[in-house]
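Raw contents of upload.txt, compact mmCIF, C-alpha atoms:
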```txt
# COMPACT_ATOMS: atom_id res chain seq x y z
CA MET A 30 0.00 0.00 0.00
CA THR A 31 1.35 3.41 -0.97
CA GLY A 32 0.85 6.63 0.97
CA ARG A 33 0.97 7.51 4.65
CA VAL A 34 -1.22 5.52 7.00
CA ASN A 35 -3.36 7.00 9.76
CA THR A 36 -2.34 4.65 12.57
CA GLU A 37 -5.41 5.42 14.69
CA VAL A 38 -7.76 4.53 11.84
CA ALA A 39 -5.71 1.42 11.03
CA ALA A 40 -5.93 0.27 14.65
CA ALA A 41 -9.68 0.88 14.75
CA LEU A 42 -10.24 -0.99 11.49
CA ALA A 43 -8.25 -3.96 12.78
CA THR A 44 -10.69 -4.45 15.67
CA MET A 45 -13.88 -3.91 13.65
CA PRO A 46 -15.98 -6.70 12.08
CA LEU A 47 -15.93 -4.69 8.83
CA ALA A 48 -14.66 -7.17 6.23
CA ARG A 49 -14.11 -5.00 3.16
CA LEU A 50 -14.85 -1.89 1.16
CA THR A 51 -16.87 -2.04 -2.06
CA HIS A 52 -16.80 -0.03 -5.27
CA PHE A 53 -19.22 -0.18 -8.21
CA SER A 54 -17.75 0.32 -11.69
CA PRO A 55 -18.84 -0.18 -15.29
CA ALA A 56 -17.11 -3.35 -16.50
CA LEU A 57 -15.77 -1.21 -19.35
CA ASN A 58 -13.23 0.22 -16.88
CA LEU A 59 -11.63 -3.11 -15.94
CA PRO A 60 -9.06 -3.26 -18.78
CA SER A 61 -7.64 0.15 -17.83
CA ILE A 62 -7.64 -0.70 -14.11
CA PHE A 63 -5.58 -3.83 -14.67
CA ALA A 64 -3.38 -2.29 -17.36
CA ASP A 65 -2.56 0.61 -15.00
CA GLN A 66 -2.30 -1.77 -12.01
CA GLN A 67 -4.30 0.73 -9.97
CA LEU A 68 -7.73 2.21 -9.37
CA ARG A 69 -7.49 5.91 -10.20
CA SER A 70 -9.73 8.88 -9.39
CA VAL A 71 -11.98 10.53 -11.97
CA LYS A 72 -9.85 13.69 -11.65
CA ASP A 73 -6.66 11.79 -12.45
CA LEU A 74 -8.23 9.93 -15.37
CA SER A 75 -9.76 13.07 -16.85
CA GLU A 76 -6.30 14.66 -16.97
CA ASP A 77 -4.78 11.66 -18.76
CA VAL A 78 -5.38 11.84 -22.52
CA ARG A 79 -4.45 8.14 -22.83
CA ALA A 80 -7.03 6.96 -20.30
CA CYS A 81 -9.98 4.90 -21.51
CA TYR A 82 -12.70 4.89 -18.88
CA ARG A 83 -16.34 5.62 -18.16
CA ALA A 84 -17.05 7.80 -15.11
CA THR A 85 -19.82 6.53 -12.85
CA ASP A 86 -20.68 9.99 -11.52
CA LEU A 87 -19.99 13.00 -13.76
CA GLN A 88 -21.31 15.53 -11.22
CA ARG A 89 -19.45 14.36 -8.09
CA LEU A 90 -21.64 16.42 -5.80
CA ASP A 91 -19.57 15.15 -2.88
CA GLY A 92 -16.92 17.66 -4.01
CA TYR A 93 -14.02 15.19 -4.04
CA PRO A 94 -13.32 14.04 -7.62
CA ASP A 95 -9.73 13.30 -6.55
CA ARG A 96 -10.90 10.37 -4.40
CA VAL A 97 -12.54 7.02 -5.14
CA CYS A 98 -16.00 6.64 -3.64
CA CYS A 99 -16.49 3.36 -1.76
CA SER A 100 -19.02 1.78 0.57
CA MET A 101 -18.41 -0.36 3.65
CA GLN A 102 -19.23 -4.08 3.78
CA TYR A 103 -21.93 -3.90 1.09
CA PRO A 104 -22.29 -1.54 -1.89
CA ASN A 105 -24.75 1.34 -2.11
CA GLY A 106 -27.50 -0.35 -4.09
CA PHE A 107 -29.63 2.78 -4.07
CA TYR A 108 -26.95 4.79 -5.83
CA PHE A 109 -26.26 1.93 -8.25
CA ASP A 110 -29.93 1.89 -9.22
CA ILE A 111 -29.56 5.52 -10.30
CA ALA A 112 -26.06 5.32 -11.78
CA ARG A 113 -26.75 2.51 -14.21
CA ARG A 114 -29.60 4.51 -15.79
CA LYS A 115 -27.55 7.64 -16.45
CA ASP A 116 -27.35 8.70 -20.09
CA HIS A 117 -23.56 8.47 -20.37
CA VAL A 118 -23.45 4.82 -19.23
CA VAL A 119 -26.77 3.43 -20.47
CA ASN A 120 -25.02 1.98 -23.53
CA TYR A 121 -22.64 0.08 -21.23
CA PRO A 122 -25.00 -2.15 -19.24
CA ASP A 123 -22.35 -4.44 -17.70
CA TRP A 124 -21.33 -3.53 -14.16
CA VAL A 125 -19.08 -5.08 -11.54
CA CYS A 126 -18.54 -4.55 -7.84
CA LEU A 127 -14.94 -4.53 -6.64
CA LEU A 128 -14.24 -5.79 -3.11
CA LEU A 129 -11.29 -3.92 -1.60
CA ASP A 130 -9.10 -4.56 1.42
CA LYS A 131 -10.41 -2.37 4.23
CA SER A 132 -6.87 -1.17 4.95
CA VAL A 133 -7.15 1.37 2.11
CA ALA A 134 -9.52 3.32 4.37
CA ALA A 135 -6.59 3.97 6.72
CA LEU A 136 -4.64 6.05 4.20
CA GLU A 137 -4.18 9.69 5.20
CA GLY A 138 -6.65 11.94 3.44
CA THR A 139 -9.45 9.37 3.39
CA LEU A 140 -12.81 10.81 4.42
CA PHE A 141 -15.80 9.09 6.02
CA CYS A 142 -19.43 10.09 5.55
CA PRO A 143 -22.26 8.57 7.66
CA ARG A 144 -24.70 8.95 4.74
CA ASN A 145 -24.48 9.65 0.99
CA ALA A 146 -21.60 12.14 0.69
CA ALA A 147 -23.39 14.08 -2.07
CA ALA A 148 -26.33 14.94 0.22
CA ALA A 149 -24.75 18.11 1.62
CA PRO A 150 -21.32 19.75 1.93
CA GLY A 151 -19.26 19.15 5.05
CA LEU A 152 -20.56 15.66 5.81
CA ALA A 153 -17.26 13.89 5.10
CA VAL A 154 -14.91 13.76 8.10
CA PRO A 155 -11.36 12.33 8.35
CA GLY A 156 -9.87 10.06 10.99
CA VAL A 157 -11.37 7.89 13.70
CA THR A 158 -14.06 10.49 14.38
CA GLY A 159 -15.31 10.11 10.83
CA LEU A 160 -15.09 6.31 10.92
CA ASN A 161 -16.96 6.03 14.22
CA GLY A 162 -19.61 8.44 12.95
CA CYS A 163 -20.57 5.89 10.30
CA TYR A 164 -21.37 3.41 13.08
CA ALA A 165 -23.27 5.78 15.37
CA ALA A 166 -26.40 4.50 17.11
CA ALA A 167 -28.49 6.87 14.99
CA VAL A 168 -27.76 8.65 11.70
CA ARG A 169 -29.96 11.18 9.92
CA GLY A 170 -30.18 9.89 6.34
CA GLN A 171 -32.05 10.24 3.05
CA GLY A 172 -35.31 12.17 3.26
CA GLY A 173 -34.56 13.31 6.79
CA GLN A 174 -35.23 9.82 8.15
CA THR A 175 -33.18 8.66 11.13
CA ARG A 176 -31.42 5.33 10.64
CA THR A 177 -30.77 3.23 13.74
CA ARG A 178 -28.97 -0.02 14.57
CA SER A 179 -31.36 -2.77 15.63
CA PRO A 180 -30.10 -5.93 17.40
CA ARG A 181 -30.15 -7.69 14.01
CA HIS A 182 -28.09 -5.04 12.21
CA ASP A 183 -25.00 -6.53 10.57
CA PRO A 184 -22.17 -5.57 12.99
CA GLY A 185 -19.72 -4.87 10.17
CA SER A 186 -22.04 -2.55 8.26
CA PRO A 187 -22.47 1.19 8.86
CA THR A 188 -25.72 2.45 10.34
CA ASP A 189 -26.92 3.96 7.04
CA VAL A 190 -26.67 1.63 4.04
CA GLN A 191 -25.61 4.67 1.97
CA ALA A 192 -22.62 5.63 4.16
CA GLU A 193 -19.48 6.26 2.10
CA VAL A 194 -15.71 6.29 2.28
CA LEU A 195 -13.86 8.71 0.00
CA VAL A 196 -10.55 6.91 -0.45
CA THR A 197 -7.22 8.51 -1.25
CA THR A 198 -5.97 7.47 -4.68
CA PRO A 199 -4.50 5.69 -6.47
CA VAL A 200 -5.60 2.37 -4.97
CA PRO A 201 -3.18 -0.41 -6.00
CA VAL A 202 -4.54 -3.52 -7.70
CA SER A 203 -3.09 -5.51 -4.80
CA ALA A 204 -5.89 -4.07 -2.62
CA ILE A 205 -8.59 -5.62 -4.83
CA GLN A 206 -9.78 -8.86 -3.21
CA ALA A 207 -12.49 -9.82 -5.68
CA ILE A 208 -14.54 -8.80 -8.71
CA VAL A 209 -18.25 -9.48 -8.26
CA PHE A 210 -20.58 -10.15 -11.21
CA PRO A 211 -24.37 -10.49 -11.21
CA THR A 212 -24.34 -13.71 -13.30
CA GLU A 213 -22.00 -16.46 -14.49
CA ALA A 214 -22.64 -15.35 -18.07
CA ALA A 215 -21.39 -11.84 -17.24
CA ALA A 216 -18.26 -13.23 -15.58
CA SER A 217 -17.52 -15.53 -18.50
CA GLU A 218 -17.99 -12.75 -21.05
CA GLU A 219 -15.76 -10.37 -19.10
CA TYR A 220 -13.06 -13.01 -18.64
CA GLY A 221 -12.96 -13.52 -22.40
CA ARG A 222 -12.81 -9.77 -23.02
CA LEU A 223 -9.93 -9.22 -20.58
CA GLU A 224 -8.11 -12.25 -21.96
CA ARG A 225 -8.33 -10.82 -25.49
CA PHE A 226 -7.04 -7.45 -24.29
CA GLY A 227 -4.20 -9.10 -22.38
CA THR A 228 -5.38 -7.45 -19.16
CA LEU A 229 -6.51 -10.36 -16.99
CA PRO A 230 -6.22 -9.50 -13.28
CA PRO A 231 -3.62 -11.14 -11.00
CA ASN A 232 -4.43 -14.70 -9.89
CA GLY A 233 -4.94 -13.58 -6.30
CA ILE A 234 -8.11 -11.68 -7.21
CA ARG A 235 -11.23 -13.84 -6.84
CA TRP A 236 -14.09 -13.85 -9.33
CA VAL A 237 -17.44 -13.95 -7.52
CA ILE A 238 -21.05 -14.42 -8.65
CA SER A 239 -23.63 -12.66 -6.49
CA PRO A 240 -26.92 -11.32 -7.91
CA GLY A 241 -27.75 -9.93 -4.47
CA MET A 242 -24.80 -7.54 -4.60
CA PHE A 243 -26.62 -5.63 -7.35
CA ASP A 244 -30.08 -5.45 -5.72
CA LYS A 245 -30.81 -2.64 -3.26
CA GLY A 246 -33.52 -4.57 -1.42
CA THR A 247 -31.30 -7.61 -0.89
CA ILE A 248 -28.42 -5.41 0.25
CA THR A 249 -30.64 -3.51 2.69
CA ALA A 250 -31.89 -6.78 4.21
CA ALA A 251 -28.30 -7.95 4.68
CA VAL A 252 -27.30 -4.70 6.38
CA GLN A 253 -30.34 -4.07 8.55
CA ASN A 254 -31.40 -7.64 9.36
CA SER A 255 -28.30 -9.79 8.72
CA ARG A 256 -30.13 -11.66 5.95
CA TYR A 257 -27.00 -12.59 4.09
CA PHE A 258 -26.97 -13.65 0.45
CA PRO A 259 -24.66 -16.02 -1.47
CA GLU A 260 -21.30 -14.88 -2.84
CA ALA A 261 -20.09 -17.83 -4.93
CA THR A 262 -16.54 -18.11 -6.24
CA TRP A 263 -16.37 -18.48 -10.03
CA SER A 264 -13.61 -20.09 -12.08
CA SER A 265 -13.09 -19.89 -15.83
CA VAL A 266 -11.78 -23.47 -15.75
CA ALA A 267 -14.87 -24.83 -13.99
CA SER A 268 -17.08 -22.82 -16.32
CA SER A 269 -15.43 -24.20 -19.45
CA LYS A 270 -15.75 -27.78 -18.16
CA ALA A 271 -19.46 -27.25 -17.52
CA THR A 272 -20.03 -26.00 -21.07
CA PRO A 273 -21.20 -28.83 -23.39
```
Target encoding structure tokens, full file:
Amino acid sequence: MTGRVNTEVAAALATMPLARLTHFSPALNLPSIFADQQLRSVKDLSEDVRACYRATDLQRLDGYPDRVCCSMQYPNGFYFDIARRKDHVVNYPDWVCLLLDKSVAALEGTLFCPRNAAAAPGLAVPGVTGLNGCYAAAVRGQGGQTRTRSPRHDPGSPTDVQAEVLVTTPVPVSAIQAIVFPTEAAASEEYGRLERFGTLPPNGIRWVISPGMFDKGTITAAVQNSRYFPEATWSSVASSKATP
């Protein structure tokens, strides 16, 4: 991991049941991510004339285009529902969810927001104070509604399912634990595409099939009621053997 580490945040993360960070991306961006060996910010990519990418959020109302927007434990299905219908990505219907090592949240400059960071200025806070704020007993969220943590709330998830982490960039490929696809067909197609481009990810990155990761209702049930959904490992070898 590059960059200075906030030791207090790193220590707090080490004791938390938070398993990972998540990041939605159009699958179109995968070749450039693996060719560059890093996950770059929209600001960085927009300044690189060689970059081939599709921005998820052109407006970046959170005010931090120099950071990568992530969620904790589970992705923000509500935002994904909006993002995939935006005009500039509607012709690129294939999406993935990257699972990242939670240690990237300990890099200096990372900001934590207890709700959607684009809701209002000044919501994102650095350090342990910001991290703990995402796990407060009550958080005022979308529509002015107060989100609380019931006894069945997933202990690793933030109080508001739309809480965000604005991560310092670039994020090295070594921090990517898995690529999640909604279907086996999507994984197989993307594997073939990356293989043709010569940009297959390192072997240590798992390929996972999980329709629930792309459904806001399923995600909300996992966060608020610990109703967990399958995350099945996928292999191109196993897939090819199963094909008649």
Exercise for review: Can you pull out every residue within 8 Å of Asn105 (chain A), counting all atoms listed in the file, but drop anything in the same chain fewer than 5 positions away, and send it as a list in words?
Suggested key: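 Within the cut-off, the hits are Ser100, Val190, Gln191, Ala192 and Lys245 of chain A.
Closest approach to Ala214 (chain A) among A:Cys142, A:Pro199, A:Arg169, A:Asp123 is made by A:Asp123 (distances from only C-alpha atoms).
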Exercise for review: Quick one: everything within 10 Å of Glu137 (chain A), counting only C-alpha atoms, minus sequence neighbours fewer than 5 positions away in the same chain. Send it as a list of chain:residue names.
Suggested key: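 Here the qualifying residues turn out to be A:Gly32, A:Arg33, A:Val34, A:Asn35, A:Thr36, A:Val38, A:Pro155, A:Gly156, A:Val196, A:Thr197.
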**Study point:** Separation of CA of Ala112 (chain A) from CA of Ala135 (chain A) in Å
**Key:** 26.9 Å
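Counting from CA of Ala147 (chain A), the distance to CA of Gln206 (chain A) is 26.7 Å.
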Check your understanding: How many Å separate CA of Phe141 (chain A) from CA of Asn58 (chain A)?
Key ->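 Going from CA of Phe141 (chain A) over to CA of Asn58 (chain A) covers 24.7 Å.
The shell of residues at most 7 Å from Ser54 (chain A), with all atoms listed in the file counted and near chain neighbours (fewer than 4 positions) removed, consists of Asn58, Thr85, Trp124, Val125 and Cys126 of chain A.
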Practice item. Would you kindly identify which residues have an atom no farther than 8 Å from (-5.7, -5.9, -19.7), using only C-alpha atoms and the file's own coordinates, and write them out as a ChimeraX atom specification? Key: /A:59-64,223-224,226-230
Check your understanding: For the point (-14.7, -6.8, 10.2) in file coordinates, what residues are within 9 Å, counting only C-alpha atoms? Give the answer as number ranges by chain?
Key -> A: 42-49, 102, 131, 184-186
**Study point:** Minimum-distance residue to Ala215 (chain A), chosen among A:Val194, A:Val237, A:Val266, A:Leu160 (using all atoms listed in the file)
**Key:** A:Val237
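The residue that comes closest to Asp110 (chain A), out of A:Asn232, A:Ser239, A:Arg144, A:Phe53 and on the basis of all atoms listed in the file, is A:Phe53.
Between Ala40 (chain A) and the residues A:Ala134, A:Ala56, A:Val97, A:Leu127, the shortest atom-to-atom distance, using only C-alpha atoms, involves A:Ala134.
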